[in-house]
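Novice: Enclosed is the structure file start-v2.cif (mmCIF, C-alpha atoms).
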data_final
#
loop_
_atom_site.label_atom_id
_atom_site.label_comp_id
_atom_site.auth_asym_id
_atom_site.auth_seq_id
_atom_site.Cartn_x
_atom_site.Cartn_y
_atom_site.Cartn_z
CA MET A 1 -27.63 -12.53 -10.09
CA LYS A 2 -27.54 -9.66 -7.63
CA LYS A 3 -26.01 -6.99 -9.87
CA ILE A 4 -27.57 -6.89 -13.33
CA LEU A 5 -26.37 -4.63 -16.13
CA VAL A 6 -28.88 -3.74 -18.86
CA PRO A 7 -27.39 -1.85 -21.84
CA CYS A 8 -30.28 0.31 -23.04
CA ASP A 9 -30.74 2.19 -26.32
CA PHE A 10 -34.51 2.53 -25.70
CA SER A 11 -35.33 0.17 -28.56
CA PRO A 12 -38.14 -2.38 -28.07
CA THR A 13 -35.60 -5.19 -27.60
CA SER A 14 -33.66 -3.31 -24.91
CA ILE A 15 -36.92 -2.52 -23.13
CA ASN A 16 -37.80 -6.24 -23.26
CA ALA A 17 -34.41 -6.94 -21.65
CA PHE A 18 -35.09 -4.37 -18.93
CA ARG A 19 -38.50 -5.83 -18.15
CA PHE A 20 -37.07 -9.34 -17.85
CA ALA A 21 -34.20 -8.01 -15.71
CA LEU A 22 -36.82 -6.54 -13.35
CA ASP A 23 -38.35 -10.01 -12.95
CA VAL A 24 -34.94 -11.56 -12.28
CA ALA A 25 -33.91 -8.85 -9.82
CA ALA A 26 -37.18 -9.21 -7.93
CA GLN A 27 -36.49 -12.94 -7.56
CA SER A 28 -32.81 -12.55 -6.61
CA LYS A 29 -33.38 -9.42 -4.48
CA GLY A 30 -30.84 -7.76 -6.72
CA ALA A 31 -30.33 -4.38 -8.38
CA ILE A 32 -30.39 -3.22 -11.99
CA HIS A 33 -27.86 -0.91 -13.63
CA LEU A 34 -29.15 0.75 -16.81
CA LEU A 35 -26.41 1.89 -19.18
CA HIS A 36 -26.78 4.01 -22.30
CA ALA A 37 -23.53 4.08 -24.30
CA ILE A 38 -23.11 6.68 -27.03
CA GLU A 39 -20.38 6.71 -29.64
CA LEU A 40 -19.13 10.26 -30.01
CA PRO A 41 -19.03 12.01 -33.38
CA VAL A 42 -15.60 12.97 -34.68
CA LEU A 43 -15.29 16.73 -34.41
CA HIS A 44 -12.70 18.77 -36.29
CA ASP A 45 -11.72 22.38 -35.66
CA THR A 46 -8.63 24.44 -36.30
CA LEU A 47 -9.09 26.15 -32.93
CA LEU A 48 -9.04 23.83 -29.92
CA MET A 49 -11.33 25.76 -27.55
CA PRO A 50 -14.44 26.02 -29.80
CA THR A 51 -14.36 22.27 -30.37
CA LEU A 52 -13.97 21.49 -26.67
CA TYR A 53 -16.76 23.92 -25.80
CA PHE A 54 -19.07 22.32 -28.35
CA GLU A 55 -18.24 18.84 -27.07
CA LYS A 56 -18.95 19.80 -23.46
CA ALA A 57 -22.29 21.38 -24.34
CA TYR A 58 -23.22 18.38 -26.50
CA LEU A 59 -22.34 15.86 -23.78
CA GLU A 60 -24.25 17.74 -21.11
CA ASP A 61 -27.32 18.02 -23.32
CA VAL A 62 -27.25 14.33 -24.30
CA ASN A 63 -26.77 13.23 -20.69
CA LYS A 64 -29.67 15.39 -19.48
CA ASN A 65 -32.07 14.18 -22.17
CA THR A 66 -31.09 10.53 -21.69
CA GLN A 67 -31.62 10.70 -17.94
CA LYS A 68 -35.15 12.03 -18.58
CA ARG A 69 -35.82 9.06 -20.85
CA PHE A 70 -34.49 6.73 -18.15
CA GLU A 71 -36.83 8.28 -15.58
CA LYS A 72 -39.84 7.70 -17.84
CA LEU A 73 -38.78 4.11 -18.58
CA ILE A 74 -38.27 3.27 -14.90
CA ALA A 75 -41.55 4.90 -13.90
CA LYS A 76 -43.44 2.94 -16.55
CA TYR A 77 -42.14 -0.56 -15.76
CA LYS A 78 -40.62 -0.66 -12.28
CA THR A 79 -42.72 -2.20 -9.52
CA GLY A 80 -41.86 -3.32 -6.02
CA GLN A 81 -38.55 -2.67 -4.29
CA VAL A 82 -36.04 -3.38 -7.08
CA LYS A 83 -33.31 -0.73 -7.06
CA VAL A 84 -32.61 0.75 -10.49
CA THR A 85 -29.74 3.12 -11.25
CA SER A 86 -28.90 4.69 -14.61
CA ARG A 87 -25.80 6.03 -16.29
CA VAL A 88 -24.72 7.50 -19.62
CA MET A 89 -21.25 6.69 -21.00
CA PHE A 90 -19.57 7.95 -24.15
CA GLY A 91 -17.60 5.54 -26.31
CA MET A 92 -17.86 2.24 -28.15
CA PRO A 93 -20.81 0.33 -26.59
CA SER A 94 -19.00 -3.03 -26.25
CA LYS A 95 -16.01 -1.33 -24.57
CA MET A 96 -18.25 0.71 -22.25
CA VAL A 97 -20.06 -2.47 -21.18
CA GLN A 98 -16.73 -4.16 -20.42
CA ASP A 99 -15.57 -1.20 -18.35
CA TYR A 100 -18.84 -0.98 -16.43
CA VAL A 101 -18.86 -4.71 -15.66
CA SER A 102 -15.32 -4.46 -14.28
CA ASP A 103 -15.83 -1.24 -12.32
CA GLU A 104 -19.16 -2.17 -10.71
CA GLY A 105 -18.68 -5.92 -10.14
CA ILE A 106 -21.62 -6.88 -12.37
CA ASP A 107 -22.85 -10.52 -12.17
CA ILE A 108 -24.71 -10.75 -15.49
CA VAL A 109 -25.49 -8.63 -18.54
CA ILE A 110 -29.07 -8.83 -19.81
CA MET A 111 -29.41 -7.06 -23.13
CA GLY A 112 -31.61 -6.68 -26.16
CA SER A 113 -30.45 -7.35 -29.70
CA HIS A 114 -31.69 -6.71 -33.22
CA GLY A 115 -29.38 -9.44 -34.52
CA ALA A 116 -27.31 -9.28 -37.71
CA SER A 117 -27.23 -11.17 -40.96
CA GLY A 118 -25.60 -11.30 -44.38
CA ILE A 119 -22.63 -9.06 -45.11
CA ARG A 120 -23.22 -6.97 -41.96
CA GLU A 121 -22.82 -10.05 -39.78
CA PHE A 122 -19.63 -11.11 -41.60
CA LEU A 123 -18.00 -7.68 -41.46
CA ILE A 124 -19.03 -6.20 -38.11
CA GLY A 125 -21.58 -8.46 -36.44
CA SER A 126 -23.91 -6.92 -33.86
CA ASN A 127 -23.20 -5.11 -30.59
CA ALA A 128 -24.71 -8.08 -28.77
CA ALA A 129 -22.37 -10.51 -30.53
CA LYS A 130 -19.35 -8.34 -29.67
CA ILE A 131 -20.36 -8.24 -26.02
CA VAL A 132 -20.98 -12.01 -26.01
CA ARG A 133 -17.45 -12.47 -27.38
CA THR A 134 -15.68 -10.21 -24.87
CA SER A 135 -17.70 -10.28 -21.65
CA THR A 136 -16.09 -11.63 -18.49
CA VAL A 137 -19.51 -12.42 -17.01
CA PRO A 138 -22.52 -14.29 -18.44
CA VAL A 139 -24.61 -12.46 -21.04
CA LEU A 140 -28.29 -13.12 -21.67
CA VAL A 141 -29.43 -11.76 -25.05
CA ILE A 142 -33.14 -11.08 -25.51
CA LYS A 143 -35.16 -10.02 -28.54
CA GLU A 144 -38.80 -10.68 -27.75
CA ARG A 145 -40.68 -10.21 -24.47
CA VAL A 146 -39.80 -12.95 -21.97
CA LYS A 147 -42.16 -13.72 -19.12
CA ASN A 148 -41.48 -15.79 -16.04
CA PRO A 149 -41.53 -18.56 -15.15
CA ILE A 150 -38.59 -19.99 -17.07
CA LYS A 151 -39.39 -23.71 -17.36
CA ARG A 152 -37.00 -25.15 -19.96
CA ILE A 153 -33.32 -24.39 -20.57
CA VAL A 154 -31.68 -25.94 -23.63
CA LEU A 155 -27.98 -26.87 -23.35
CA PRO A 156 -26.46 -27.88 -26.70
CA ASN A 157 -23.77 -30.31 -25.62
CA SER A 158 -20.51 -29.46 -27.32
CA ILE A 159 -18.93 -29.13 -23.87
CA ASP A 160 -15.71 -30.81 -22.80
CA PRO A 161 -16.46 -31.64 -19.12
CA GLU A 162 -12.75 -31.75 -18.23
CA LYS A 163 -12.02 -28.26 -19.56
CA GLU A 164 -15.28 -26.42 -18.95
CA VAL A 165 -16.22 -27.26 -15.37
CA ASP A 166 -16.89 -23.60 -14.55
CA LEU A 167 -19.37 -23.32 -17.41
CA ILE A 168 -21.29 -26.42 -16.32
CA MET A 169 -21.44 -25.28 -12.70
CA ARG A 170 -22.77 -21.89 -13.79
CA ILE A 171 -25.47 -23.57 -15.86
CA LYS A 172 -26.40 -25.77 -12.87
CA ALA A 173 -26.78 -22.60 -10.78
CA LEU A 174 -28.86 -21.03 -13.53
CA GLN A 175 -31.14 -24.07 -13.64
CA SER A 176 -31.47 -24.02 -9.86
CA PHE A 177 -32.30 -20.30 -9.81
CA PHE A 178 -35.17 -20.70 -12.27
CA LYS A 179 -36.13 -24.20 -11.04
CA ALA A 180 -36.16 -25.21 -14.69
CA GLN A 181 -35.77 -28.45 -16.61
CA LEU A 182 -32.47 -28.83 -18.46
CA HIS A 183 -32.55 -30.23 -22.00
CA LEU A 184 -29.13 -31.60 -22.98
CA VAL A 185 -28.98 -32.05 -26.73
CA TRP A 186 -26.32 -33.17 -29.17
CA ILE A 187 -26.85 -31.70 -32.65
CA ASN A 188 -25.78 -34.35 -35.17
CA THR A 189 -24.81 -32.92 -38.56
CA PRO A 190 -23.24 -34.48 -41.67
CA LEU A 191 -19.96 -32.71 -40.86
CA ASN A 192 -20.16 -33.39 -37.14
CA PHE A 193 -21.61 -36.89 -37.09
CA THR A 194 -21.31 -39.19 -34.06
CA LEU A 195 -22.90 -42.59 -33.50
CA ASP A 196 -25.90 -42.43 -31.17
CA THR A 197 -24.46 -45.10 -28.86
CA ILE A 198 -21.28 -43.07 -28.32
CA THR A 199 -23.16 -39.78 -27.92
CA ARG A 200 -25.63 -41.17 -25.39
CA MET A 201 -22.78 -42.65 -23.37
CA LYS A 202 -21.05 -39.22 -23.25
CA LEU A 203 -24.27 -37.47 -22.28
CA ASN A 204 -24.98 -39.98 -19.50
CA ASP A 205 -21.40 -39.71 -18.23
CA MET A 206 -21.78 -35.93 -18.01
CA VAL A 207 -25.05 -36.23 -16.08
CA LYS A 208 -23.41 -38.58 -13.57
CA GLN A 209 -20.17 -36.59 -13.29
CA PHE A 210 -21.94 -33.34 -12.43
CA ASP A 211 -24.97 -34.83 -10.69
CA LEU A 212 -27.37 -33.09 -13.03
CA LYS A 213 -31.01 -33.29 -11.98
CA ASN A 214 -34.32 -32.76 -13.78
CA CYS A 215 -32.80 -33.10 -17.24
CA THR A 216 -33.52 -34.81 -20.54
CA LEU A 217 -31.00 -36.20 -23.04
CA ASP A 218 -31.58 -35.90 -26.78
CA ILE A 219 -29.83 -36.37 -30.12
CA PHE A 220 -31.15 -34.10 -32.86
CA ASN A 221 -30.24 -34.52 -36.53
CA TYR A 222 -29.95 -31.36 -38.59
CA SER A 223 -28.05 -29.89 -41.53
CA ASP A 224 -25.97 -27.46 -39.45
CA ILE A 225 -25.37 -26.87 -35.76
CA ASP A 226 -26.68 -23.34 -35.14
CA SER A 227 -29.90 -23.87 -37.12
CA GLY A 228 -30.31 -27.24 -35.40
CA ILE A 229 -30.03 -25.63 -31.97
CA LEU A 230 -32.76 -23.15 -32.83
CA ALA A 231 -35.02 -25.81 -34.39
CA TYR A 232 -34.63 -28.14 -31.39
CA THR A 233 -35.32 -25.34 -28.92
CA GLU A 234 -38.50 -24.43 -30.76
CA MET A 235 -39.56 -28.10 -30.84
CA VAL A 236 -39.22 -28.57 -27.06
CA LYS A 237 -40.60 -25.07 -26.37
CA GLY A 238 -37.38 -24.00 -24.68
CA ASP A 239 -37.43 -20.68 -22.85
CA PHE A 240 -33.79 -19.96 -23.53
CA ILE A 241 -30.54 -21.51 -24.71
CA ALA A 242 -27.41 -21.78 -22.55
CA MET A 243 -24.08 -21.97 -24.37
CA GLY A 244 -20.37 -21.56 -23.90
CA THR A 245 -18.28 -19.57 -26.35
CA HIS A 246 -14.51 -19.31 -26.69
CA GLY A 247 -14.62 -15.57 -27.37
CA ARG A 248 -12.32 -15.68 -30.38
CA SER A 249 -11.33 -12.38 -31.96
CA GLY A 250 -9.32 -11.15 -34.91
CA ILE A 251 -8.40 -13.56 -37.69
CA ALA A 252 -9.36 -16.64 -35.63
CA HIS A 253 -12.90 -15.31 -35.35
CA LEU A 254 -13.13 -14.55 -39.06
CA ILE A 255 -11.96 -18.06 -39.95
CA THR A 256 -13.95 -20.15 -37.48
CA GLY A 257 -16.75 -17.83 -36.40
CA SER A 258 -18.82 -18.70 -33.34
CA ILE A 259 -21.85 -20.96 -33.03
CA ALA A 260 -23.05 -18.95 -30.02
CA GLU A 261 -22.86 -15.68 -31.95
CA ALA A 262 -24.68 -17.22 -34.92
CA VAL A 263 -27.49 -18.38 -32.61
CA VAL A 264 -27.64 -14.91 -31.02
CA ASN A 265 -27.79 -13.20 -34.42
CA HIS A 266 -30.23 -15.51 -36.19
CA GLY A 267 -32.72 -16.65 -33.57
CA SER A 268 -35.47 -14.94 -31.61
CA ILE A 269 -35.06 -17.20 -28.56
CA PRO A 270 -33.11 -15.75 -25.59
CA VAL A 271 -29.51 -16.96 -25.43
CA TRP A 272 -27.36 -17.13 -22.26
CA THR A 273 -23.63 -17.30 -22.95
CA PHE A 274 -20.41 -17.47 -20.99
CA VAL A 275 -16.90 -17.15 -22.41
CA THR A 276 -14.74 -20.18 -21.65
CA LYS A 277 -11.02 -20.68 -22.13
CA GLU A 278 -9.84 -22.90 -24.93
CA GLY A 279 -7.70 -25.82 -23.88
#
Please render this file's structure as structure tokens.
Specialist:
Amino acid sequence: MKKILVPCDFSPTSINAFRFALDVAAQSKGAIHLLHAIELPVLHDTLLMPTLYFEKAYLEDVNKNTQKRFEKLIAKYKTGQVKVTSRVMFGMPSKMVQDYVSDEGIDIVIMGSHGASGIREFLIGSNAAKIVRTSTVPVLVIKERVKNPIKRIVLPNSIDPEKEVDLIMRIKALQSFFKAQLHLVWINTPLNFTLDTITRMKLNDMVKQFDLKNCTLDIFNYSDIDSGILAYTEMVKGDFIAMGTHGRSGIAHLITGSIAEAVVNHGSIPVWTFVTKEG
């Protein structure tokens, strides 16, 4: 986690993400990239030049004011030798994050989220959920202030070890980085019910296959998966949840949704996600 991108809209949640990113960067001897993405207003004019002139003046003014806000934010929270750079980009936030990750070789995105619920979640979701769905690198979504040390990482086990080796290896590295305990849990629901004997055998096989250390194995009964993940994490006092997501979009996303996105939207616990390929 050497190159950390923090999308920042100066909200309390994005500031919480920045402060946690500072802790991570200090531990990894990494650097932080602050990004403020602004969606441009649609401007109409019958004469081309007045519109272009207005746009240029607007962009310069926004960039200048945002950089001043960045300077104040960095001065308030930065300590030690962590390098922090800042940039303003104009466009759809989720697309700007994708472009920045690709252009700068970012290792992880740490971002704040206000979440989404009800009709807003069904129709458009949240910026965090969109970035979770499309990111090519891991995303850690934060709402409340997170303080080191990270002691407990919850891994809801809906993983297929044969198809998602990369995901498991990334979670092992994450556990090693924080020196945390890993809580593997299978959420048993009425619609997703599995006998305990079969589930425990699968969990034990996964531990042996990937030589997982310092971990617990649990089966947790709940009415639905995403609420069960949040309830279990609260019960074991988990510091954050690690999940894979298939990054579905379009009609497939509307039909099946995403458990990871639901957890991101509905919970207050930090959620680490990584997009895996469907087999």
Novice: Rounded to one decimal in Å, what is the spacing between CA of Lys3 (chain A) and CA of Leu59 (chain A)?
Specialist: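 Atom-to-atom, CA of Lys3 (chain A) to CA of Leu59 (chain A), that is 27.0 Å.
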Novice: Write out as number ranges by chain the residues lying within 12 Å of Val62 (chain A), counting only C-alpha atoms and excluding same-chain residues fewer than 6 positions away.
Specialist: A: 36-40, 55-56, 68-69, 87-90
Novice: Nearest to Val207 (chain A) among A:Ser223, A:Ser268, A:Asn157, A:Gln81, with distances taken over all atoms listed in the file: which residue is it?
Specialist: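 Between A:Ser223, A:Ser268, A:Asn157, A:Gln81, the residue approaching Val207 (chain A) most closely is A:Asn157.
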Novice: For this structure, which residues satisfy the selection - the PyMOL selection byres ((chain A and resi 232) around 12) - when it is evaluated on the file as given? I want them as number ranges by chain.
Specialist: A: 153-156, 183-188, 218-222, 224-231, 233-241, 267, 269
Novice: May I have the residues within 12 Å of Lys64 (chain A) as a list in words, using all atoms listed in the file and disregarding those fewer than 6 positions away in the same chain?
Specialist: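 Result of the neighbour search: Ala57, Tyr58, Phe70, Glu71, Ser86, Arg87 and Val88 of chain A.
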Novice: Please provide as number ranges by chain all residues within 7 Å of Pro138 (chain A), with the sequence filter that same-chain residues fewer than 3 positions apart are discarded (counting all atoms listed in the file).
Specialist: A: 108-109, 272-274
Novice: Let me make sure I understand: among A:Thr189, A:Val137, A:Asn65, A:Ser113, which one has the smallest atom-to-atom distance to Leu167 (chain A) if we use all atoms listed in the file?
Specialist: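 Between A:Thr189, A:Val137, A:Asn65, A:Ser113, the residue approaching Leu167 (chain A) most closely is A:Val137.
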Novice: Could you list the residues chosen by the PyMOL selection byres ((chain A and resi 17) around 7) in this structure as an MDAnalysis selection string?
Specialist: chainID A and resid 6 13:16 18:21 110:112 142
Novice: Can you work out the spacing between CA of Thr245 (chain A) and CA of Glu261 (chain A) in Å, to one decimal?
Specialist: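 Computed distance, CA of Thr245 (chain A) to CA of Glu261 (chain A), equals 8.2 Å.
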Novice: Could you tell me how far CA of Met96 (chain A) lies from CA of Leu35 (chain A), in Å and to one decimal?
Specialist: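 For CA of Met96 (chain A) relative to CA of Leu35 (chain A), the distance reads 8.8 Å.
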Novice: My list of candidates is A:Ala31, A:Gln175, A:Arg200, A:Ala242. Which is closest to Lys213 (chain A) when distances are computed with all atoms listed in the file?
Specialist: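 Of all the options, A:Gln175 lies closest to Lys213 (chain A).
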Novice: For Gln181 (chain A), which of A:Met206, A:Ile4, A:Ile259, A:Ile150 is the closest residue, counting only C-alpha atoms?
Specialist: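 When distances to Gln181 (chain A) are compared using only C-alpha atoms, the smallest one comes from A:Ile150.
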Novice: List the residues selected by the PyMOL selection byres ((chain A and resi 1) around 12) in the file shown, writing them as a ChimeraX atom specification.
Specialist: /A:2-5,21-32,105-110,137-140,170,173-174,177-178
Novice: Take the residues from that selection and write them out as a PDB file, in the frame of the given file, keeping C-alpha atoms.
Specialist:
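Below is the file that was written, out-v4.pdb:
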ATOM      1  CA  LYS A   2     -27.540  -9.660  -7.630  1.00  0.00           C
ATOM      2  CA  LYS A   3     -26.010  -6.990  -9.870  1.00  0.00           C
ATOM      3  CA  ILE A   4     -27.570  -6.890 -13.330  1.00  0.00           C
ATOM      4  CA  LEU A   5     -26.370  -4.630 -16.130  1.00  0.00           C
ATOM      5  CA  ALA A  21     -34.200  -8.010 -15.710  1.00  0.00           C
ATOM      6  CA  LEU A  22     -36.820  -6.540 -13.350  1.00  0.00           C
ATOM      7  CA  ASP A  23     -38.350 -10.010 -12.950  1.00  0.00           C
ATOM      8  CA  VAL A  24     -34.940 -11.560 -12.280  1.00  0.00           C
ATOM      9  CA  ALA A  25     -33.910  -8.850  -9.820  1.00  0.00           C
ATOM     10  CA  ALA A  26     -37.180  -9.210  -7.930  1.00  0.00           C
ATOM     11  CA  GLN A  27     -36.490 -12.940  -7.560  1.00  0.00           C
ATOM     12  CA  SER A  28     -32.810 -12.550  -6.610  1.00  0.00           C
ATOM     13  CA  LYS A  29     -33.380  -9.420  -4.480  1.00  0.00           C
ATOM     14  CA  GLY A  30     -30.840  -7.760  -6.720  1.00  0.00           C
ATOM     15  CA  ALA A  31     -30.330  -4.380  -8.380  1.00  0.00           C
ATOM     16  CA  ILE A  32     -30.390  -3.220 -11.990  1.00  0.00           C
ATOM     17  CA  GLY A 105     -18.680  -5.920 -10.140  1.00  0.00           C
ATOM     18  CA  ILE A 106     -21.620  -6.880 -12.370  1.00  0.00           C
ATOM     19  CA  ASP A 107     -22.850 -10.520 -12.170  1.00  0.00           C
ATOM     20  CA  ILE A 108     -24.710 -10.750 -15.490  1.00  0.00           C
ATOM     21  CA  VAL A 109     -25.490  -8.630 -18.540  1.00  0.00           C
ATOM     22  CA  ILE A 110     -29.070  -8.830 -19.810  1.00  0.00           C
ATOM     23  CA  VAL A 137     -19.510 -12.420 -17.010  1.00  0.00           C
ATOM     24  CA  PRO A 138     -22.520 -14.290 -18.440  1.00  0.00           C
ATOM     25  CA  VAL A 139     -24.610 -12.460 -21.040  1.00  0.00           C
ATOM     26  CA  LEU A 140     -28.290 -13.120 -21.670  1.00  0.00           C
ATOM     27  CA  ARG A 170     -22.770 -21.890 -13.790  1.00  0.00           C
ATOM     28  CA  ALA A 173     -26.780 -22.600 -10.780  1.00  0.00           C
ATOM     29  CA  LEU A 174     -28.860 -21.030 -13.530  1.00  0.00           C
ATOM     30  CA  PHE A 177     -32.300 -20.300  -9.810  1.00  0.00           C
ATOM     31  CA  PHE A 178     -35.170 -20.700 -12.270  1.00  0.00           C
TER      32      PHE A 178
END
Novice: Would you kindly return, as a list of chain:residue names, each protein, DNA or RNA residue with an atom no farther than 12 Å from any atom of Asn127 (chain A), considering only C-alpha atoms and excluding same-chain residues fewer than 3 positions away?
Specialist: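 Close residues of Asn127 (chain A): A:Pro7, A:Cys8, A:Asp9, A:Ala37, A:Met92, A:Pro93, A:Ser94, A:Lys95, A:Met96, A:Val97, A:Met111, A:Gly112, A:Ser113, A:His114, A:Gly115, A:Ala116, A:Arg120, A:Glu121, A:Ile124, A:Lys130, A:Ile131, A:Val132, A:Arg133, A:Thr134, A:Ser135, A:Val141, A:Glu261, A:Val264, A:Asn265.
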Novice: May I have the residues from that selection written out with C-alpha atoms, as an mmCIF file, in the frame of the given file?
Specialist:
data_model
loop_
_atom_site.group_PDB
_atom_site.id
_atom_site.type_symbol
_atom_site.label_atom_id
_atom_site.label_comp_id
_atom_site.auth_asym_id
_atom_site.auth_seq_id
_atom_site.Cartn_x
_atom_site.Cartn_y
_atom_site.Cartn_z
ATOM 1 C CA PRO A 7 -27.390 -1.850 -21.840
ATOM 2 C CA CYS A 8 -30.280 0.310 -23.040
ATOM 3 C CA ASP A 9 -30.740 2.190 -26.320
ATOM 4 C CA ALA A 37 -23.530 4.080 -24.300
ATOM 5 C CA MET A 92 -17.860 2.240 -28.150
ATOM 6 C CA PRO A 93 -20.810 0.330 -26.590
ATOM 7 C CA SER A 94 -19.000 -3.030 -26.250
ATOM 8 C CA LYS A 95 -16.010 -1.330 -24.570
ATOM 9 C CA MET A 96 -18.250 0.710 -22.250
ATOM 10 C CA VAL A 97 -20.060 -2.470 -21.180
ATOM 11 C CA MET A 111 -29.410 -7.060 -23.130
ATOM 12 C CA GLY A 112 -31.610 -6.680 -26.160
ATOM 13 C CA SER A 113 -30.450 -7.350 -29.700
ATOM 14 C CA HIS A 114 -31.690 -6.710 -33.220
ATOM 15 C CA GLY A 115 -29.380 -9.440 -34.520
ATOM 16 C CA ALA A 116 -27.310 -9.280 -37.710
ATOM 17 C CA ARG A 120 -23.220 -6.970 -41.960
ATOM 18 C CA GLU A 121 -22.820 -10.050 -39.780
ATOM 19 C CA ILE A 124 -19.030 -6.200 -38.110
ATOM 20 C CA LYS A 130 -19.350 -8.340 -29.670
ATOM 21 C CA ILE A 131 -20.360 -8.240 -26.020
ATOM 22 C CA VAL A 132 -20.980 -12.010 -26.010
ATOM 23 C CA ARG A 133 -17.450 -12.470 -27.380
ATOM 24 C CA THR A 134 -15.680 -10.210 -24.870
ATOM 25 C CA SER A 135 -17.700 -10.280 -21.650
ATOM 26 C CA VAL A 141 -29.430 -11.760 -25.050
ATOM 27 C CA GLU A 261 -22.860 -15.680 -31.950
ATOM 28 C CA VAL A 264 -27.640 -14.910 -31.020
ATOM 29 C CA ASN A 265 -27.790 -13.200 -34.420
#
Novice: Which residue out of A:Lys72, A:Lys151, A:Lys163, A:Lys202 has the minimum interatomic distance to Leu182 (chain A) when all atoms listed in the file are used?
Specialist: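 Counting all atoms listed in the file, the residue closest to Leu182 (chain A) is A:Lys151.
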Novice: With distances taken over all atoms listed in the file, which of A:His33, A:Thr66, A:Arg152, A:Ala128 is nearest to Val82 (chain A)?
Specialist: A:His33
